[in-house]
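Asker: Got a structure for you, written out below as structure tokens; questions coming shortly.
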Amino acid sequence: MRPVQVPSPLVEAIRRHAREAYPEECCGFLLARADALPIDAPRLIRAIRRAANASEGERRRRFVIPAEELRSTERELEGTEQVVVGFYHSHPDYPARPSQFDQENAWPWYSYLVLSVTAAGTAALAAFELDADNATFREVPLVTPSADELDPTESLRGPGAR
Amino acid sequence: MVTVKIPMPLRSFTDGAAEITVEAETVGGVVLAIGERFPGSKTRLLHPNGKLRSFLGFYLNDEDIRNLEGDLTPVKEGDVVSIVPAIAGGSPAEARRSASSVPLSVLPNLPEETLDRDELRRYSRHLLLPEVGLAGQKKLRRSKVLLVGAGGLGSPAALYLAAAGVGEIGLVDFDEVDLSNLQRQILYSARDLGRPKLEAARERLEALNPGVRVVPYLTPLSAENALDVLRPYDVVVDGTDNFPTRYLVNDACVLLGKPNVYGSIYRFEGQASVFDATKGPCYRCLFPEPPPADLVPSCAEAGVLGVLPGLIGLIQATETVKILLGVGEPLVGRLLLYDALAMRFRELKLRKNPECVICSTRPTQTGLIDYPAFCGVPAIAAETDGQGLPEITPEALRDELAGADPPTLLDVRDPNEWDIVHLPNARLIPRAQLPGRLNEITSARRIVVYCRTGGRSSQATRLLLDLGFSNVRNLRGGITAWAEKVDPSLPTY
């Protein structure tokens, strides 16, 4: 179980994306620092990146980020300190719980954020990870610190920025 | 040899290796070779039909194999094959209402629903249990439990349910804290004496866990209000001490389709079960009719070992938490019997009664009824008047006793109660022994019967009248009322 930390400005950015995409699902990448990866500790998300929902069917209840898009994003990130560690997507008019489809298509290791959104705005946000048994999509703790609460050396601005 | 670049999510299958080398002639052969070497990866790479999974991208030296020859694309020495997952998800179609027509309030886990830092710490011992975990803890926080009765059973149940993080605890009780409660009702302290129980209970539970919402219902549960009171709750915990309320709780739970976590205590023995008519029997399947009221004294009349409700109340709390979490095997269709003196548990199998008046497929009762009448309860205060039972008030009795021809006083309580307090010149014949000891009473004399609060004595009065005693009256409110109105120096219990 790998808890996820998403600084509140990034949560707000995800909410904005979900509202703009409504009634369709939005989706995107969660980026973290490569050197923080091996540790089985809370994952601090340092940036998000929007992705186009490439689902060819019903974009109101499906999202797809094609392998090409992940690959090109990873290419772009090469040489930077950041890597893709997970994905976010919205559930229009549905709670922030993983669907059967989410679970069937989940990959291990990645963190998944699910955000509930309705016409009235966004609501619950929750984090999930596929269990070690690869069968259970389990909710993991989600912490949304404000930028001030973060350790300065781990802040969004990077080491020494303050 | 072909080099294969393994994406992060699949590295758990390759012992963490980012790259591996395999011998193969086609991309499909590369995947099969990986699957053979790392068996765990197979289902992630291949469909059961042997085809490459559609949610994986395969690249040969940066070219998508779909632009080449698919899984038949040949590979040669020195080639690099990259595997990249596609990401997909969504929400279930069947649960969806038409977009934008869904009010926020119908979404079950609104508003923002994550455990804060303090909650993560407070519930860490729950979070460590896979059967509870974060999802379970949030379920508990979303849950609402109604405790009918905040006494011996309700006290421990309420404390542990609040500690466990149940989001809302409703409490039904209208009593005030009495000194005689403190022997077992651990929600209350000596400083709470005389306060409404629910006021003290709310304070105590909120001090224990400020995250819990305590909703007090300072009223007796009745056929008029029961459905409305119970409706918002997920589970109802029956901690009542009387049959009319127990049948009322059962019937209301059956009608509303809610689980009724039952517990009862008597002297040194306890019972517990989960009556969930949607899955098994209800209380009426077990006891279609209440026992004759005079055969079943309440704890107030018969006494109870103080620690006993602690144990039974916590069995109820345990079952409640299991039901809310959906884990384990609930006590449905089983009646747990506990004997504190022998320190033994037994279990009886309960079956749904196909003729049950309320929970069978053809119920003859489809609403709530008059439960005090159904249980034949002798009312404690003025109700006996309605049945034409002759009564005397404590004040009138005082005057008669001071007169020239005082009536005979008949005490129908148990000897241990007599030892606590009794009226001067009274004669003790316990209610249960009365039919066999009639010869000790002279029918020619005027008789006043009393017990602790008037329940048993009204039964005895009825019995004597039925047997032909002509001048028998019941002391209204019993020796408790006498102590209040006539002789405050007497102890009450």
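Ordering of the structure tokens sets the chain letters (A, B, ...), residue numbers begin anew at 1 in every chain, and ligands are numbered from 1 in the order given.
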Name the residues of segment 313-345 of chain B that come out as strand (DSSP E) in a backbone DSSP run; write them as a PyMOL selection string.
Answerer: chain B and resi 334-339+344-345
Asker: Residues of chain A no more than 8 Å from chain B, counting only C-alpha atoms: send them over as a ChimeraX atom specification.
Answerer: /A:23,25,61-68,70-71,89-96,98-103,105-110,118-120,123-126,138-143
Asker: Can you work out which one of B:Gly167, B:Pro232, B:Ser155, B:Thr393 has the shortest atom-to-atom distance to Lys197 of chain B, counting only C-alpha atoms?
Answerer: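 Comparing B:Gly167, B:Pro232, B:Ser155, B:Thr393 against Lys197 of chain B, the winner is B:Ser155.
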Asker: As a ChimeraX atom specification, please: the residues near Thr318 of chain B (cut-off 9 Å, only C-alpha atoms, same-chain neighbours under 4 positions excluded).
Answerer: /B:157,160-161,313-314,322-323
Asker: Produce a file of the selected residues containing C-alpha atoms, as a PDB file, in the first residue's frame.
Answerer:
ATOM      1  CA  ALA B 157     -22.030  -0.859  22.437  1.00  0.00           C
ATOM      2  CA  TYR B 160     -17.039   0.854  21.168  1.00  0.00           C
ATOM      3  CA  LEU B 161     -18.995   1.861  18.079  1.00  0.00           C
ATOM      4  CA  GLY B 313     -23.444  -5.400  24.484  1.00  0.00           C
ATOM      5  CA  LEU B 314     -20.021  -5.947  22.977  1.00  0.00           C
ATOM      6  CA  LYS B 322     -19.126  -6.919  10.937  1.00  0.00           C
ATOM      7  CA  ILE B 323     -22.401  -6.106   9.223  1.00  0.00           C
TER       8      ILE B 323
END
Asker: I'd like the interatomic distance between atom CA of Arg344 of chain B and atom CA of Arg267 of chain B, to a tenth of an Å.
Answerer: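 Going from atom CA of Arg344 of chain B over to atom CA of Arg267 of chain B covers 14.8 Å.
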Asker: Might you pull out every residue within 9 Å of segment 436-453 of chain B, with only C-alpha atoms counted and same-chain residues fewer than 4 positions away left off, and present them as a count of residues only?
Answerer: 41
Asker: Between atom CA of Glu206 of chain B and atom CA of Ser273 of chain B, measure the distance and give it in Å to one decimal.
Answerer: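 About the pair atom CA of Glu206 of chain B and atom CA of Ser273 of chain B: they are 28.2 Å apart.
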Asker: Distance atom CA of Ala483 of chain B-atom CA of Gly194 of chain B, one decimal place?
Answerer: 17.3 Å
Asker: Apply DSSP to the backbone of this structure and, from segment 23-145 of chain A, keep only the residues in alpha helix (DSSP H); write these as an mmCIF file with C-alpha atoms, in the first residue's frame.
Answerer:
data_model
loop_
_atom_site.group_PDB
_atom_site.id
_atom_site.type_symbol
_atom_site.label_atom_id
_atom_site.label_comp_id
_atom_site.auth_asym_id
_atom_site.auth_seq_id
_atom_site.Cartn_x
_atom_site.Cartn_y
_atom_site.Cartn_z
ATOM 1 C CA ALA A 67 0.255 3.378 -25.267
ATOM 2 C CA GLU A 68 1.654 5.833 -27.831
ATOM 3 C CA GLU A 69 0.694 8.750 -25.651
ATOM 4 C CA LEU A 70 2.305 7.238 -22.568
ATOM 5 C CA ARG A 71 5.350 6.424 -24.602
ATOM 6 C CA SER A 72 5.663 9.904 -26.042
ATOM 7 C CA THR A 73 5.156 11.429 -22.607
ATOM 8 C CA GLU A 74 7.850 9.221 -21.153
ATOM 9 C CA ARG A 75 10.109 10.208 -24.020
ATOM 10 C CA GLU A 76 9.568 13.863 -23.284
ATOM 11 C CA LEU A 77 10.349 13.317 -19.643
ATOM 12 C CA GLN A 100 -15.102 -3.183 -12.458
ATOM 13 C CA PHE A 101 -13.666 -1.849 -15.693
ATOM 14 C CA ASP A 102 -11.126 0.260 -13.807
ATOM 15 C CA GLN A 103 -10.008 -2.774 -11.886
ATOM 16 C CA GLU A 104 -9.761 -5.037 -14.911
#
Asker: Give me the residues within 12 Å of Leu30 of chain A as a ChimeraX atom specification, counting only C-alpha atoms and dropping any in the same chain fewer than 2 places off.
Answerer: /A:4-7,10-11,13-14,27-28,32-33,43-51,70,73-74,82-89,110-114,127
Asker: Please list as a list in words every residue within 7 Å of Val274 of chain B, counting only C-alpha atoms and excluding residues in the same chain fewer than 6 positions away.
Answerer: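 Contacts, with the query itself left out: Pro259, Asn260, Val261, Tyr262, Leu331 and Val332 of chain B.
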